[in-house]
Amino acid sequence: MGHSLADSWRVRILDARGTPVGAGVLVAGGRVVTCAHVVEGALGPDDGDPREAELMVDFPGSLAPGAAPVRAGVAPRGWAPPDEERADVAVLDLHEDAPADCGPATLRPCGPARDRIVRAFGQVVGAPAGLWVRARLVGSGGLSPEWMQLEAAGEAGDRLRQGYSGAGVVDGSGDVLGLVVAEDTRAERRTGWMIPVETVVRYCPDLADAVTGSPAGDRASDAYGTDRGPASYDAFRSPGSDASDDVLPPPWPPSAERDLARVLVKVRSFADPHRRERVLRDTGDHIAFHVERTGVLINDARAVLGLCLEYEDGIERFAAALRWYESGSLPMREFDREVARLRARGPGGGAAR
């Protein structure tokens, strides 16, 4: 039986002694995507600027006997180091060819969590060959509004832990939806977090050519059962650009911008202009870079909401970022209730069926 290319994109990042310190994902163009803190850990504190260093990677998915590690270095525009639980992405250029029996991964935007079961392969201490772990996508937020929370879904003891950082998080179709970035180190917890593909590409936009199709959990993709082409996810499309005619109608009633703005201006973390900028940054560059600032609170609220409504999950992303700074306040709870009410009404303005 021939060797399957499924999951052969798995990469191990090695330190100077050849010991695996984390994982990565082989993508098209002879590149590897991983976490920046994995690269820093492999190089050590005395190796200078990671962007100018060389490190070694190998391919545990290869069946080639005696395959040697491959040299790699940080790609131009491929370095986004950790910044207060944000970013933490690195893209490596391979300086030699990957093994012939290792194919690149298919990257796909994650989209909504929807309690989907995923898996990841990490380099656990005491298990040099690596181990798979199954997990459930819970939702965005937690340590960072940019991350997606994972809960181990297997047997007791089967959990994300040190050595999984940089590992590709894979759905049932074999597509990589994100990178494992952190784990809850408390023994009684089985929680971890991943950086979704759409966030990875936001920090390293040259990776957009490796992304295929609509978000894995996107409603339009589910409804049609087909892709809309490479990198068609709205997070990679500039606001105002033409959308495909086959995209489903927006799930919001015509009054959504006005009704949400009326509630949003009561949320203190939006009313404060400095905090508001942080919320917009956490929502995504496609919002923060393009939204109009007027200096009038109600007009600013309508501008932000109007732009967010152009995206399938724009309001949810904005609400998650806002909730990070003001979780539990009465105005924030009112805003969340208004979002749920308007989402239920749908584009026709009536009750959801």
# chains A, B, ... in the order shown; residues from 1 in each chain; ligands from 1
>>> residues_around(residues="segment 127-142 of chain A", least_positions_apart="2", cutoff="6 Å", atoms="only C-alpha atoms", output="PyMOL selection string")
chain A and resi 113+115-125+144-145+147-154
>>> closest_residue(among="A:Arg281, A:Arg108, A:Arg31, A:Arg262", to="Ala87 of chain A", atoms="only C-alpha atoms")
A:Arg281
>>> residues_around(residues="Ala182 of chain A", least_positions_apart="6", cutoff="10 Å", atoms="only C-alpha atoms", output="PDB file with N, CA and C atoms, in the first residue's frame")
ATOM      1  N   CYS A  35       4.756  28.985  15.593  1.00  0.00           N
ATOM      2  CA  CYS A  35       4.667  30.100  16.546  1.00  0.00           C
ATOM      3  C   CYS A  35       6.037  30.749  16.709  1.00  0.00           C
ATOM      4  N   GLU A  85      -0.063  38.443  24.637  1.00  0.00           N
ATOM      5  CA  GLU A  85      -1.020  37.433  24.212  1.00  0.00           C
ATOM      6  C   GLU A  85      -1.633  37.761  22.849  1.00  0.00           C
ATOM      7  N   LEU A 143      -7.430  33.791  26.984  1.00  0.00           N
ATOM      8  CA  LEU A 143      -6.208  34.545  27.209  1.00  0.00           C
ATOM      9  C   LEU A 143      -6.081  35.722  26.255  1.00  0.00           C
ATOM     10  N   TRP A 147      -7.551  34.569  19.937  1.00  0.00           N
ATOM     11  CA  TRP A 147      -7.363  33.130  19.956  1.00  0.00           C
ATOM     12  C   TRP A 147      -8.687  32.376  20.055  1.00  0.00           C
ATOM     13  N   GLN A 149     -10.414  29.010  21.916  1.00  0.00           N
ATOM     14  CA  GLN A 149     -10.197  28.077  23.026  1.00  0.00           C
ATOM     15  C   GLN A 149     -10.472  26.649  22.596  1.00  0.00           C
ATOM     16  N   LEU A 150      -9.638  25.729  23.084  1.00  0.00           N
ATOM     17  CA  LEU A 150      -9.755  24.294  22.832  1.00  0.00           C
ATOM     18  C   LEU A 150      -9.929  23.572  24.162  1.00  0.00           C
ATOM     19  N   LEU A 160      -3.620  18.985  25.713  1.00  0.00           N
ATOM     20  CA  LEU A 160      -2.592  19.840  25.136  1.00  0.00           C
ATOM     21  C   LEU A 160      -1.605  20.217  26.223  1.00  0.00           C
ATOM     22  N   ARG A 161      -0.331  20.144  25.916  1.00  0.00           N
ATOM     23  CA  ARG A 161       0.705  20.459  26.897  1.00  0.00           C
ATOM     24  C   ARG A 161       1.954  20.931  26.180  1.00  0.00           C
ATOM     25  N   GLN A 162       3.012  21.153  26.942  1.00  0.00           N
ATOM     26  CA  GLN A 162       4.248  21.650  26.349  1.00  0.00           C
ATOM     27  C   GLN A 162       4.714  20.724  25.236  1.00  0.00           C
ATOM     28  N   GLY A 163       5.073  21.306  24.100  1.00  0.00           N
ATOM     29  CA  GLY A 163       5.482  20.534  22.942  1.00  0.00           C
ATOM     30  C   GLY A 163       4.485  20.594  21.803  1.00  0.00           C
ATOM     31  N   TYR A 164       3.252  21.089  22.093  1.00  0.00           N
ATOM     32  CA  TYR A 164       2.245  21.213  21.043  1.00  0.00           C
ATOM     33  C   TYR A 164       2.275  22.586  20.375  1.00  0.00           C
ATOM     34  N   SER A 165       2.987  23.543  20.929  1.00  0.00           N
ATOM     35  CA  SER A 165       3.001  24.879  20.335  1.00  0.00           C
ATOM     36  C   SER A 165       3.456  24.817  18.877  1.00  0.00           C
ATOM     37  N   GLY A 166       2.706  25.508  18.018  1.00  0.00           N
ATOM     38  CA  GLY A 166       2.998  25.521  16.595  1.00  0.00           C
ATOM     39  C   GLY A 166       2.352  24.402  15.819  1.00  0.00           C
ATOM     40  N   THR A 191      -7.390  22.592  29.020  1.00  0.00           N
ATOM     41  CA  THR A 191      -7.699  23.706  28.133  1.00  0.00           C
ATOM     42  C   THR A 191      -6.455  24.174  27.397  1.00  0.00           C
ATOM     43  N   GLY A 192      -6.634  24.561  26.152  1.00  0.00           N
ATOM     44  CA  GLY A 192      -5.570  25.172  25.367  1.00  0.00           C
ATOM     45  C   GLY A 192      -6.160  26.215  24.442  1.00  0.00           C
ATOM     46  N   TRP A 193      -5.303  26.838  23.644  1.00  0.00           N
ATOM     47  CA  TRP A 193      -5.752  27.868  22.714  1.00  0.00           C
ATOM     48  C   TRP A 193      -5.014  27.722  21.401  1.00  0.00           C
ATOM     49  N   MET A 194      -5.676  28.132  20.324  1.00  0.00           N
ATOM     50  CA  MET A 194      -5.036  28.148  19.013  1.00  0.00           C
ATOM     51  C   MET A 194      -5.193  29.528  18.383  1.00  0.00           C
ATOM     52  N   ILE A 195      -4.266  29.841  17.454  1.00  0.00           N
ATOM     53  CA  ILE A 195      -4.378  31.034  16.627  1.00  0.00           C
ATOM     54  C   ILE A 195      -5.069  30.619  15.334  1.00  0.00           C
TER      55      ILE A 195
END
>>> residues_around(residues="Thr283 of chain A", least_positions_apart="6", cutoff="9 Å", atoms="only C-alpha atoms", output="ChimeraX atom specification")
/A:145-146,314,317-322
>>> write_last_selection(atoms="N, CA and C atoms", output="PDB file, in the first residue's frame")
ATOM      1  N   PRO A 145      -8.310  37.855  22.852  1.00  0.00           N
ATOM      2  CA  PRO A 145      -9.481  37.910  21.977  1.00  0.00           C
ATOM      3  C   PRO A 145      -9.190  37.425  20.572  1.00  0.00           C
ATOM      4  N   GLU A 146      -7.902  37.255  20.225  1.00  0.00           N
ATOM      5  CA  GLU A 146      -7.538  36.768  18.894  1.00  0.00           C
ATOM      6  C   GLU A 146      -7.520  35.244  18.816  1.00  0.00           C
ATOM      7  N   GLY A 314     -18.402  39.675  11.453  1.00  0.00           N
ATOM      8  CA  GLY A 314     -17.818  40.922  11.921  1.00  0.00           C
ATOM      9  C   GLY A 314     -18.353  41.380  13.262  1.00  0.00           C
ATOM     10  N   ARG A 317     -17.002  39.160  16.073  1.00  0.00           N
ATOM     11  CA  ARG A 317     -15.607  39.456  16.373  1.00  0.00           C
ATOM     12  C   ARG A 317     -15.491  40.766  17.160  1.00  0.00           C
ATOM     13  N   PHE A 318     -16.242  41.760  16.753  1.00  0.00           N
ATOM     14  CA  PHE A 318     -16.221  43.031  17.466  1.00  0.00           C
ATOM     15  C   PHE A 318     -16.724  42.852  18.897  1.00  0.00           C
ATOM     16  N   ALA A 319     -17.818  42.119  19.068  1.00  0.00           N
ATOM     17  CA  ALA A 319     -18.371  41.905  20.409  1.00  0.00           C
ATOM     18  C   ALA A 319     -17.391  41.140  21.293  1.00  0.00           C
ATOM     19  N   ALA A 320     -16.692  40.145  20.725  1.00  0.00           N
ATOM     20  CA  ALA A 320     -15.717  39.379  21.505  1.00  0.00           C
ATOM     21  C   ALA A 320     -14.563  40.272  21.961  1.00  0.00           C
ATOM     22  N   ALA A 321     -14.100  41.162  21.063  1.00  0.00           N
ATOM     23  CA  ALA A 321     -13.016  42.081  21.431  1.00  0.00           C
ATOM     24  C   ALA A 321     -13.476  43.060  22.507  1.00  0.00           C
ATOM     25  N   LEU A 322     -14.702  43.565  22.382  1.00  0.00           N
ATOM     26  CA  LEU A 322     -15.238  44.504  23.357  1.00  0.00           C
ATOM     27  C   LEU A 322     -15.433  43.827  24.710  1.00  0.00           C
TER      28      LEU A 322
END
>>> select_by_dssp(residues="segment 101-180 of chain A", states="strand (DSSP E or B)", output="NGL selection string")
:A and (107 or 117-122 or 131-140 or 148-152 or 168-170 or 176-180)
>>> write_last_selection(atoms="N, CA and C atoms", output="mmCIF file, in the first residue's frame")
data_model
loop_
_atom_site.group_PDB
_atom_site.id
_atom_site.type_symbol
_atom_site.label_atom_id
_atom_site.label_comp_id
_atom_site.auth_asym_id
_atom_site.auth_seq_id
_atom_site.Cartn_x
_atom_site.Cartn_y
_atom_site.Cartn_z
ATOM 1 N N LEU A 107 -4.482 25.069 4.205
ATOM 2 C CA LEU A 107 -4.909 26.000 5.235
ATOM 3 C C LEU A 107 -6.311 26.493 4.895
ATOM 4 N N ILE A 117 -14.986 19.045 16.573
ATOM 5 C CA ILE A 117 -13.882 18.211 17.054
ATOM 6 C C ILE A 117 -12.708 18.354 16.088
ATOM 7 N N VAL A 118 -11.535 18.620 16.641
ATOM 8 C CA VAL A 118 -10.321 18.785 15.851
ATOM 9 C C VAL A 118 -9.218 17.944 16.494
ATOM 10 N N ARG A 119 -8.042 17.925 15.882
ATOM 11 C CA ARG A 119 -6.922 17.173 16.442
ATOM 12 C C ARG A 119 -5.636 17.918 16.149
ATOM 13 N N ALA A 120 -4.611 17.610 16.924
ATOM 14 C CA ALA A 120 -3.295 18.235 16.748
ATOM 15 C C ALA A 120 -2.229 17.231 17.139
ATOM 16 N N PHE A 121 -1.047 17.352 16.513
ATOM 17 C CA PHE A 121 0.064 16.434 16.746
ATOM 18 C C PHE A 121 1.214 17.216 17.336
ATOM 19 N N GLY A 122 1.631 16.852 18.569
ATOM 20 C CA GLY A 122 2.672 17.603 19.246
ATOM 21 C C GLY A 122 3.856 16.759 19.662
ATOM 22 N N LEU A 131 2.639 12.752 19.669
ATOM 23 C CA LEU A 131 1.329 12.207 19.996
ATOM 24 C C LEU A 131 0.236 13.084 19.409
ATOM 25 N N TRP A 132 -0.842 12.442 18.936
ATOM 26 C CA TRP A 132 -2.043 13.155 18.539
ATOM 27 C C TRP A 132 -2.914 13.399 19.770
ATOM 28 N N VAL A 133 -3.627 14.512 19.771
ATOM 29 C CA VAL A 133 -4.620 14.787 20.804
ATOM 30 C C VAL A 133 -5.875 15.307 20.110
ATOM 31 N N ARG A 134 -7.025 14.875 20.601
ATOM 32 C CA ARG A 134 -8.308 15.353 20.082
ATOM 33 C C ARG A 134 -8.817 16.454 20.997
ATOM 34 N N ALA A 135 -9.450 17.475 20.398
ATOM 35 C CA ALA A 135 -9.962 18.598 21.179
ATOM 36 C C ALA A 135 -11.237 19.125 20.535
ATOM 37 N N ARG A 136 -11.949 19.928 21.298
ATOM 38 C CA ARG A 136 -13.193 20.545 20.842
ATOM 39 C C ARG A 136 -13.005 22.052 20.785
ATOM 40 N N LEU A 137 -13.407 22.652 19.668
ATOM 41 C CA LEU A 137 -13.365 24.103 19.554
ATOM 42 C C LEU A 137 -14.511 24.689 20.376
ATOM 43 N N VAL A 138 -14.177 25.526 21.359
ATOM 44 C CA VAL A 138 -15.179 26.055 22.279
ATOM 45 C C VAL A 138 -15.651 27.440 21.855
ATOM 46 N N GLY A 139 -14.728 28.337 21.536
ATOM 47 C CA GLY A 139 -15.099 29.688 21.163
ATOM 48 C C GLY A 139 -13.906 30.613 21.261
ATOM 49 N N SER A 140 -14.066 31.827 20.760
ATOM 50 C CA SER A 140 -12.964 32.788 20.775
ATOM 51 C C SER A 140 -12.827 33.414 22.158
ATOM 52 N N MET A 148 -8.634 31.100 19.775
ATOM 53 C CA MET A 148 -9.781 30.204 19.900
ATOM 54 C C MET A 148 -9.471 29.178 20.990
ATOM 55 N N GLN A 149 -10.414 29.010 21.916
ATOM 56 C CA GLN A 149 -10.197 28.077 23.026
ATOM 57 C C GLN A 149 -10.472 26.649 22.596
ATOM 58 N N LEU A 150 -9.638 25.729 23.084
ATOM 59 C CA LEU A 150 -9.755 24.294 22.832
ATOM 60 C C LEU A 150 -9.929 23.572 24.162
ATOM 61 N N GLU A 151 -10.742 22.549 24.171
ATOM 62 C CA GLU A 151 -10.876 21.667 25.338
ATOM 63 C C GLU A 151 -10.593 20.249 24.886
ATOM 64 N N ALA A 152 -9.698 19.551 25.592
ATOM 65 C CA ALA A 152 -9.364 18.171 25.238
ATOM 66 C C ALA A 152 -10.625 17.322 25.213
ATOM 67 N N GLY A 168 -0.302 22.162 13.884
ATOM 68 C CA GLY A 168 -1.492 22.435 13.105
ATOM 69 C C GLY A 168 -2.719 21.799 13.736
ATOM 70 N N VAL A 169 -3.796 22.559 13.846
ATOM 71 C CA VAL A 169 -5.075 22.060 14.354
ATOM 72 C C VAL A 169 -5.918 21.665 13.144
ATOM 73 N N VAL A 170 -6.307 20.400 13.076
ATOM 74 C CA VAL A 170 -6.857 19.799 11.870
ATOM 75 C C VAL A 170 -8.317 19.427 12.090
ATOM 76 N N VAL A 176 -6.011 22.374 7.885
ATOM 77 C CA VAL A 176 -5.443 23.028 9.064
ATOM 78 C C VAL A 176 -6.183 24.344 9.290
ATOM 79 N N LEU A 177 -6.793 24.476 10.475
ATOM 80 C CA LEU A 177 -7.609 25.643 10.807
ATOM 81 C C LEU A 177 -6.869 26.649 11.680
ATOM 82 N N GLY A 178 -5.719 26.254 12.249
ATOM 83 C CA GLY A 178 -4.996 27.156 13.135
ATOM 84 C C GLY A 178 -3.772 26.481 13.705
ATOM 85 N N LEU A 179 -3.083 27.195 14.603
ATOM 86 C CA LEU A 179 -1.878 26.698 15.265
ATOM 87 C C LEU A 179 -2.090 26.696 16.766
ATOM 88 N N VAL A 180 -1.734 25.606 17.436
ATOM 89 C CA VAL A 180 -1.742 25.590 18.895
ATOM 90 C C VAL A 180 -0.739 26.629 19.385
#
>>> decode(residues="segment 71-100 of chain A", atoms="N, CA and C atoms", output="short mmCIF file (atom, residue, chain, number, x, y, z; two decimals), in the first residue's frame")
data_model
loop_
_atom_site.label_atom_id
_atom_site.label_comp_id
_atom_site.auth_asym_id
_atom_site.auth_seq_id
_atom_site.Cartn_x
_atom_site.Cartn_y
_atom_site.Cartn_z
N ARG A 71 17.57 22.82 6.80
CA ARG A 71 17.84 24.16 7.29
C ARG A 71 16.71 25.12 6.91
N ALA A 72 16.44 26.08 7.78
CA ALA A 72 15.36 27.04 7.54
C ALA A 72 15.70 28.36 8.22
N GLY A 73 15.07 29.42 7.75
CA GLY A 73 15.23 30.74 8.36
C GLY A 73 13.94 31.53 8.24
N VAL A 74 13.79 32.54 9.04
CA VAL A 74 12.57 33.34 9.05
C VAL A 74 12.42 34.08 7.71
N ALA A 75 11.24 33.98 7.14
CA ALA A 75 10.97 34.61 5.85
C ALA A 75 10.82 36.12 5.99
N PRO A 76 11.10 36.88 4.93
CA PRO A 76 10.77 38.30 4.95
C PRO A 76 9.28 38.49 5.23
N ARG A 77 8.94 39.43 6.07
CA ARG A 77 7.55 39.69 6.48
C ARG A 77 6.92 38.45 7.14
N GLY A 78 7.78 37.58 7.71
CA GLY A 78 7.26 36.38 8.35
C GLY A 78 7.52 36.33 9.84
N TRP A 79 7.65 37.48 10.47
CA TRP A 79 7.99 37.48 11.90
C TRP A 79 7.03 38.39 12.65
N ALA A 80 6.21 37.81 13.53
CA ALA A 80 5.27 38.55 14.38
C ALA A 80 5.39 37.98 15.79
N PRO A 81 6.38 38.45 16.57
CA PRO A 81 6.64 37.86 17.89
C PRO A 81 5.51 38.13 18.87
N PRO A 82 5.46 37.38 19.98
CA PRO A 82 4.38 37.56 20.97
C PRO A 82 4.34 38.99 21.50
N ASP A 83 3.12 39.51 21.66
CA ASP A 83 2.94 40.86 22.16
C ASP A 83 1.69 40.88 23.04
N GLU A 84 1.87 40.63 24.34
CA GLU A 84 0.76 40.63 25.29
C GLU A 84 -0.38 39.70 24.83
N GLU A 85 -0.06 38.44 24.64
CA GLU A 85 -1.02 37.43 24.21
C GLU A 85 -1.63 37.76 22.85
N ARG A 86 -0.88 38.36 22.00
CA ARG A 86 -1.30 38.60 20.62
C ARG A 86 -0.14 38.22 19.70
N ALA A 87 -0.46 38.13 18.41
CA ALA A 87 0.54 37.77 17.40
C ALA A 87 1.11 36.38 17.70
N ASP A 88 2.44 36.24 17.79
CA ASP A 88 3.12 34.95 18.03
C ASP A 88 3.05 34.04 16.81
N VAL A 89 3.46 34.57 15.66
CA VAL A 89 3.46 33.82 14.41
C VAL A 89 4.82 33.97 13.75
N ALA A 90 5.30 32.88 13.16
CA ALA A 90 6.54 32.92 12.37
C ALA A 90 6.36 32.08 11.11
N VAL A 91 6.88 32.58 10.01
CA VAL A 91 6.92 31.83 8.74
C VAL A 91 8.38 31.60 8.40
N LEU A 92 8.74 30.35 8.16
CA LEU A 92 10.11 29.98 7.83
C LEU A 92 10.21 29.61 6.36
N ASP A 93 11.28 30.06 5.72
CA ASP A 93 11.63 29.59 4.38
C ASP A 93 12.58 28.41 4.53
N LEU A 94 12.26 27.30 3.87
CA LEU A 94 13.18 26.16 3.86
C LEU A 94 14.34 26.47 2.92
N HIS A 95 15.56 26.20 3.37
CA HIS A 95 16.75 26.43 2.56
C HIS A 95 17.11 25.19 1.74
N GLU A 96 16.40 24.10 1.98
CA GLU A 96 16.57 22.86 1.21
C GLU A 96 15.17 22.29 0.98
N ASP A 97 15.06 21.33 0.09
CA ASP A 97 13.76 20.74 -0.22
C ASP A 97 13.27 19.87 0.94
N ALA A 98 11.96 19.90 1.16
CA ALA A 98 11.34 18.95 2.08
C ALA A 98 11.38 17.56 1.48
N PRO A 99 11.28 16.50 2.29
CA PRO A 99 11.24 15.15 1.72
C PRO A 99 10.17 15.02 0.65
N ALA A 100 10.46 14.22 -0.37
CA ALA A 100 9.56 14.11 -1.51
C ALA A 100 8.19 13.56 -1.14
#
